[in-house]
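Trainee: Pasting coords16.cif below, which is mmCIF, N, CA and C atoms.
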```
data_structure
loop_
_atom_site.label_atom_id
_atom_site.label_comp_id
_atom_site.auth_asym_id
_atom_site.auth_seq_id
_atom_site.Cartn_x
_atom_site.Cartn_y
_atom_site.Cartn_z
N MET A 185 5.53 -7.17 14.94
CA MET A 185 5.87 -6.56 13.69
C MET A 185 5.18 -5.20 13.60
N PRO A 186 5.95 -4.12 13.58
CA PRO A 186 5.35 -2.79 13.56
C PRO A 186 4.76 -2.45 12.19
N LEU A 187 3.81 -1.54 12.22
CA LEU A 187 3.21 -1.08 10.97
C LEU A 187 4.23 -0.26 10.19
N PRO A 188 4.15 -0.28 8.85
CA PRO A 188 5.10 0.50 8.05
C PRO A 188 4.89 2.00 8.24
N LYS A 189 5.95 2.75 8.06
CA LYS A 189 5.91 4.20 8.23
C LYS A 189 5.63 4.87 6.90
N ILE A 190 4.89 5.98 6.93
CA ILE A 190 4.56 6.69 5.70
C ILE A 190 5.78 7.38 5.13
N SER A 191 6.77 7.67 5.95
CA SER A 191 7.99 8.32 5.45
C SER A 191 8.70 7.42 4.44
N GLU A 192 8.58 6.10 4.64
CA GLU A 192 9.17 5.17 3.68
C GLU A 192 8.47 5.27 2.33
N ALA A 193 7.17 5.46 2.34
CA ALA A 193 6.40 5.58 1.09
C ALA A 193 6.72 6.89 0.38
N ARG A 194 6.96 7.94 1.15
CA ARG A 194 7.26 9.24 0.54
C ARG A 194 8.64 9.26 -0.13
N GLU A 195 9.52 8.37 0.26
CA GLU A 195 10.86 8.31 -0.31
C GLU A 195 10.89 7.61 -1.67
N LEU A 196 9.81 6.92 -2.03
CA LEU A 196 9.77 6.17 -3.28
C LEU A 196 9.56 7.10 -4.47
N SER A 197 10.12 6.70 -5.61
CA SER A 197 9.87 7.44 -6.85
C SER A 197 8.48 7.09 -7.35
N ASP A 198 8.00 7.81 -8.36
CA ASP A 198 6.66 7.55 -8.88
C ASP A 198 6.52 6.13 -9.43
N GLU A 199 7.54 5.64 -10.13
CA GLU A 199 7.50 4.29 -10.69
C GLU A 199 7.50 3.24 -9.57
N GLN A 200 8.34 3.47 -8.57
CA GLN A 200 8.40 2.54 -7.45
C GLN A 200 7.08 2.54 -6.68
N LEU A 201 6.48 3.71 -6.56
CA LEU A 201 5.21 3.83 -5.86
C LEU A 201 4.12 3.03 -6.57
N THR A 202 4.05 3.16 -7.89
CA THR A 202 3.07 2.41 -8.67
C THR A 202 3.31 0.91 -8.55
N ALA A 203 4.56 0.50 -8.63
CA ALA A 203 4.89 -0.92 -8.51
C ALA A 203 4.54 -1.45 -7.12
N GLU A 204 4.79 -0.66 -6.11
CA GLU A 204 4.49 -1.08 -4.73
C GLU A 204 2.98 -1.20 -4.51
N ILE A 205 2.21 -0.28 -5.09
CA ILE A 205 0.75 -0.36 -4.98
C ILE A 205 0.25 -1.65 -5.60
N THR A 206 0.77 -1.97 -6.78
CA THR A 206 0.37 -3.21 -7.45
C THR A 206 0.75 -4.43 -6.62
N ALA A 207 1.95 -4.41 -6.05
CA ALA A 207 2.41 -5.54 -5.25
C ALA A 207 1.54 -5.74 -4.00
N VAL A 208 1.16 -4.65 -3.35
CA VAL A 208 0.34 -4.76 -2.14
C VAL A 208 -1.06 -5.25 -2.49
N LYS A 209 -1.60 -4.80 -3.62
CA LYS A 209 -2.92 -5.28 -4.04
C LYS A 209 -2.88 -6.78 -4.33
N LYS A 210 -1.79 -7.25 -4.94
CA LYS A 210 -1.64 -8.69 -5.19
C LYS A 210 -1.52 -9.45 -3.88
N GLN A 211 -0.79 -8.86 -2.93
CA GLN A 211 -0.64 -9.50 -1.63
C GLN A 211 -1.98 -9.62 -0.92
N LEU A 212 -2.79 -8.58 -0.99
CA LEU A 212 -4.12 -8.63 -0.37
C LEU A 212 -4.98 -9.70 -1.02
N PHE A 213 -4.88 -9.83 -2.34
CA PHE A 213 -5.64 -10.87 -3.04
C PHE A 213 -5.21 -12.25 -2.55
N GLN A 214 -3.89 -12.46 -2.42
CA GLN A 214 -3.39 -13.74 -1.95
C GLN A 214 -3.84 -14.03 -0.52
N LEU A 215 -3.85 -13.00 0.31
CA LEU A 215 -4.30 -13.18 1.70
C LEU A 215 -5.79 -13.55 1.75
N ARG A 216 -6.59 -12.91 0.90
CA ARG A 216 -8.02 -13.26 0.85
C ARG A 216 -8.21 -14.69 0.37
N LEU A 217 -7.40 -15.09 -0.59
CA LEU A 217 -7.47 -16.46 -1.10
C LEU A 217 -7.09 -17.46 -0.01
N GLN A 218 -6.03 -17.17 0.73
CA GLN A 218 -5.61 -18.05 1.82
C GLN A 218 -6.68 -18.12 2.91
N LYS A 219 -7.32 -16.99 3.18
CA LYS A 219 -8.37 -16.98 4.20
C LYS A 219 -9.55 -17.83 3.75
N ALA A 220 -9.91 -17.74 2.48
CA ALA A 220 -11.04 -18.51 1.97
C ALA A 220 -10.78 -20.00 2.00
N THR A 221 -9.52 -20.39 1.80
CA THR A 221 -9.17 -21.81 1.80
C THR A 221 -8.64 -22.27 3.16
N ARG A 222 -8.79 -21.42 4.16
CA ARG A 222 -8.39 -21.71 5.55
C ARG A 222 -6.90 -22.06 5.67
N GLN A 223 -6.06 -21.38 4.90
CA GLN A 223 -4.63 -21.59 4.98
C GLN A 223 -3.89 -20.40 5.60
N LEU A 224 -4.64 -19.39 5.99
CA LEU A 224 -4.04 -18.18 6.53
C LEU A 224 -3.53 -18.43 7.94
N GLU A 225 -2.22 -18.24 8.13
CA GLU A 225 -1.61 -18.48 9.43
C GLU A 225 -1.42 -17.20 10.24
N LYS A 226 -1.26 -16.07 9.56
CA LYS A 226 -0.98 -14.81 10.24
C LYS A 226 -2.03 -13.76 9.84
N PRO A 227 -3.15 -13.73 10.54
CA PRO A 227 -4.22 -12.81 10.16
C PRO A 227 -3.85 -11.33 10.31
N HIS A 228 -2.83 -11.01 11.10
CA HIS A 228 -2.43 -9.61 11.25
C HIS A 228 -1.86 -9.04 9.96
N GLN A 229 -1.50 -9.89 9.01
CA GLN A 229 -0.95 -9.41 7.74
C GLN A 229 -1.99 -8.60 6.97
N PHE A 230 -3.27 -8.91 7.15
CA PHE A 230 -4.32 -8.12 6.51
C PHE A 230 -4.22 -6.66 6.92
N ARG A 231 -4.10 -6.45 8.22
CA ARG A 231 -4.05 -5.09 8.74
C ARG A 231 -2.83 -4.35 8.20
N HIS A 232 -1.70 -5.01 8.20
CA HIS A 232 -0.47 -4.39 7.71
C HIS A 232 -0.57 -4.06 6.23
N ALA A 233 -1.12 -4.96 5.44
CA ALA A 233 -1.22 -4.74 4.00
C ALA A 233 -2.21 -3.62 3.69
N ARG A 234 -3.34 -3.61 4.37
CA ARG A 234 -4.32 -2.54 4.14
C ARG A 234 -3.76 -1.19 4.56
N HIS A 235 -3.03 -1.17 5.67
CA HIS A 235 -2.41 0.05 6.16
C HIS A 235 -1.38 0.57 5.15
N ARG A 236 -0.56 -0.34 4.63
CA ARG A 236 0.46 0.03 3.65
C ARG A 236 -0.18 0.56 2.36
N LEU A 237 -1.25 -0.11 1.91
CA LEU A 237 -1.94 0.33 0.70
C LEU A 237 -2.52 1.72 0.90
N ALA A 238 -3.10 1.99 2.05
CA ALA A 238 -3.65 3.31 2.33
C ALA A 238 -2.56 4.37 2.31
N GLN A 239 -1.41 4.05 2.87
CA GLN A 239 -0.29 4.99 2.86
C GLN A 239 0.15 5.29 1.44
N LEU A 240 0.31 4.25 0.64
CA LEU A 240 0.78 4.42 -0.73
C LEU A 240 -0.21 5.23 -1.55
N LEU A 241 -1.49 4.94 -1.40
CA LEU A 241 -2.51 5.68 -2.14
C LEU A 241 -2.58 7.14 -1.68
N THR A 242 -2.34 7.38 -0.40
CA THR A 242 -2.31 8.74 0.12
C THR A 242 -1.17 9.52 -0.50
N VAL A 243 0.01 8.93 -0.55
CA VAL A 243 1.18 9.60 -1.14
C VAL A 243 0.93 9.85 -2.62
N GLU A 244 0.35 8.88 -3.31
CA GLU A 244 0.06 9.05 -4.73
C GLU A 244 -0.92 10.20 -4.94
N GLY A 245 -1.94 10.28 -4.12
CA GLY A 245 -2.91 11.36 -4.21
C GLY A 245 -2.29 12.72 -3.92
N GLU A 246 -1.42 12.77 -2.93
CA GLU A 246 -0.73 14.02 -2.60
C GLU A 246 0.08 14.51 -3.79
N ARG A 247 0.79 13.59 -4.43
CA ARG A 247 1.62 13.96 -5.58
C ARG A 247 0.78 14.42 -6.75
N LYS A 248 -0.35 13.76 -6.99
CA LYS A 248 -1.24 14.17 -8.09
C LYS A 248 -1.83 15.55 -7.82
N ARG A 249 -2.24 15.80 -6.58
CA ARG A 249 -2.80 17.11 -6.25
C ARG A 249 -1.73 18.20 -6.37
N ALA A 250 -0.51 17.89 -5.96
CA ALA A 250 0.57 18.87 -6.05
C ALA A 250 0.87 19.17 -7.51
N ALA A 251 0.88 18.15 -8.36
CA ALA A 251 1.14 18.35 -9.78
C ALA A 251 0.02 19.15 -10.43
N ALA A 252 -1.21 18.87 -10.04
CA ALA A 252 -2.36 19.60 -10.60
C ALA A 252 -2.34 21.06 -10.18
N SER A 253 -2.00 21.33 -8.93
CA SER A 253 -1.97 22.72 -8.48
C SER A 253 -0.81 23.48 -9.13
N GLN A 254 0.28 22.79 -9.39
CA GLN A 254 1.41 23.40 -10.08
C GLN A 254 1.03 23.75 -11.51
N ALA A 255 0.28 22.85 -12.16
CA ALA A 255 -0.12 23.07 -13.55
C ALA A 255 -1.10 24.23 -13.64
N THR A 256 -1.96 24.41 -12.66
CA THR A 256 -2.91 25.51 -12.72
C THR A 256 -2.25 26.85 -12.40
N GLN A 257 -1.16 26.85 -11.66
CA GLN A 257 -0.48 28.08 -11.33
C GLN A 257 0.37 28.60 -12.48
N GLU A 258 0.73 27.73 -13.39
CA GLU A 258 1.61 28.14 -14.50
C GLU A 258 0.84 28.81 -15.60
#
```
Spell out the structure here as structure tokens.
Mentor:
Amino acid sequence: MPLPKISEARELSDEQLTAEITAVKKQLFQLRLQKATRQLEKPHQFRHARHRLAQLLTVEGERKRAAASQATQE
């Protein structure tokens, strides 16, 4: 299973981006819960989820910085 691409995250709207961030954080919580109760079958999902969250947060930060720089130029 390949890691998700950042281009997919850049195609999302702001609302979709926020919803996706929330969903990935919930997924990470569930994975930690499964690990604690020894029910985790696919440990590579941690890496994929953390990678996806980092991508989403990067895109969100880029958009916030772009909006801030636009506001200061006006």
Trainee: So, counting only C-alpha atoms, which residue among A:Gln223, A:Glu244, A:His228, A:Ala238 is closest to Glu195 of chain A?
Mentor: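 Among the listed residues, A:Glu244 lies closest to Glu195 of chain A.
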Trainee: For the atom pair atom CA of Ala207 of chain A and atom C of Arg249 of chain A, what is the interatomic distance in Å to one decimal place?
Mentor: 24.1 Å
Trainee: How many Å lie between atom CA of Glu204 of chain A and atom CA of Lys226 of chain A, rounded to one decimal?
Mentor: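 So the answer is 21.0 Å.
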Trainee: Hey, what does DSSP flag as alpha helix (DSSP H) within chain A? Can you give it to me as an MDAnalysis selection string?
Mentor: chainID A and resid 190:194 198:220 228:257
Trainee: In Å, rounded to a single decimal, give me how far atom CA of Ser191 of chain A is from atom CA of Gln239 of chain A.
Mentor: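 Between atom CA of Gln239 of chain A and atom CA of Ser191 of chain A the gap is 9.3 Å.
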Trainee: Every residue with an atom at most 8 Å from (1.4, 2.9, 3.2) (file coordinates; all atoms listed in the file) is what I'm after, so could you write them as number ranges by chain?
Mentor: A: 188-194, 232-243
Trainee: May I ask which of the residues A:Gln229, A:Ala252, A:Glu258, A:Arg247 is the closest one to Val208 of chain A, counting only C-alpha atoms?
Mentor: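 When distances to Val208 of chain A are compared using only C-alpha atoms, the smallest one comes from A:Gln229.
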Trainee: Given 8 Å of margin on each side, can you work out the centre and size in Å (one decimal) of an axis-aligned box holding every listed atom of segment 220-226 of chain A, as JSON?
Mentor:
```
{"center_x": -6.0, "center_y": -18.0, "center_z": 6.0, "size_x": 26.1, "size_y": 24.5, "size_z": 24.4}
```
Trainee: Please list as a ChimeraX atom specification every residue within 10 Å of Leu224 of chain A, counting only C-alpha atoms and excluding residues in the same chain fewer than 6 positions away.
Mentor: /A:214-218
Trainee: Since we have the selection now, will you write its residues out, keeping N, CA and C atoms, as a PDB file, keeping the file's coordinate frame?
Mentor:
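In the end it all went to result.pdb:
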```pdb
ATOM      1  N   GLN A 214      -3.890 -12.460  -2.420  1.00  0.00           N
ATOM      2  CA  GLN A 214      -3.390 -13.740  -1.950  1.00  0.00           C
ATOM      3  C   GLN A 214      -3.840 -14.030  -0.520  1.00  0.00           C
ATOM      4  N   LEU A 215      -3.850 -13.000   0.310  1.00  0.00           N
ATOM      5  CA  LEU A 215      -4.300 -13.180   1.700  1.00  0.00           C
ATOM      6  C   LEU A 215      -5.790 -13.550   1.750  1.00  0.00           C
ATOM      7  N   ARG A 216      -6.590 -12.910   0.900  1.00  0.00           N
ATOM      8  CA  ARG A 216      -8.020 -13.260   0.850  1.00  0.00           C
ATOM      9  C   ARG A 216      -8.210 -14.690   0.370  1.00  0.00           C
ATOM     10  N   LEU A 217      -7.400 -15.090  -0.590  1.00  0.00           N
ATOM     11  CA  LEU A 217      -7.470 -16.460  -1.100  1.00  0.00           C
ATOM     12  C   LEU A 217      -7.090 -17.460  -0.010  1.00  0.00           C
ATOM     13  N   GLN A 218      -6.030 -17.170   0.730  1.00  0.00           N
ATOM     14  CA  GLN A 218      -5.610 -18.050   1.820  1.00  0.00           C
ATOM     15  C   GLN A 218      -6.680 -18.120   2.910  1.00  0.00           C
TER      16      GLN A 218
END
```
Trainee: With only C-alpha atoms as the atoms that count, which of A:Ala220, A:Leu212, A:Leu201, A:Leu187 lies nearest to Gly245 of chain A?
Mentor: A:Leu201
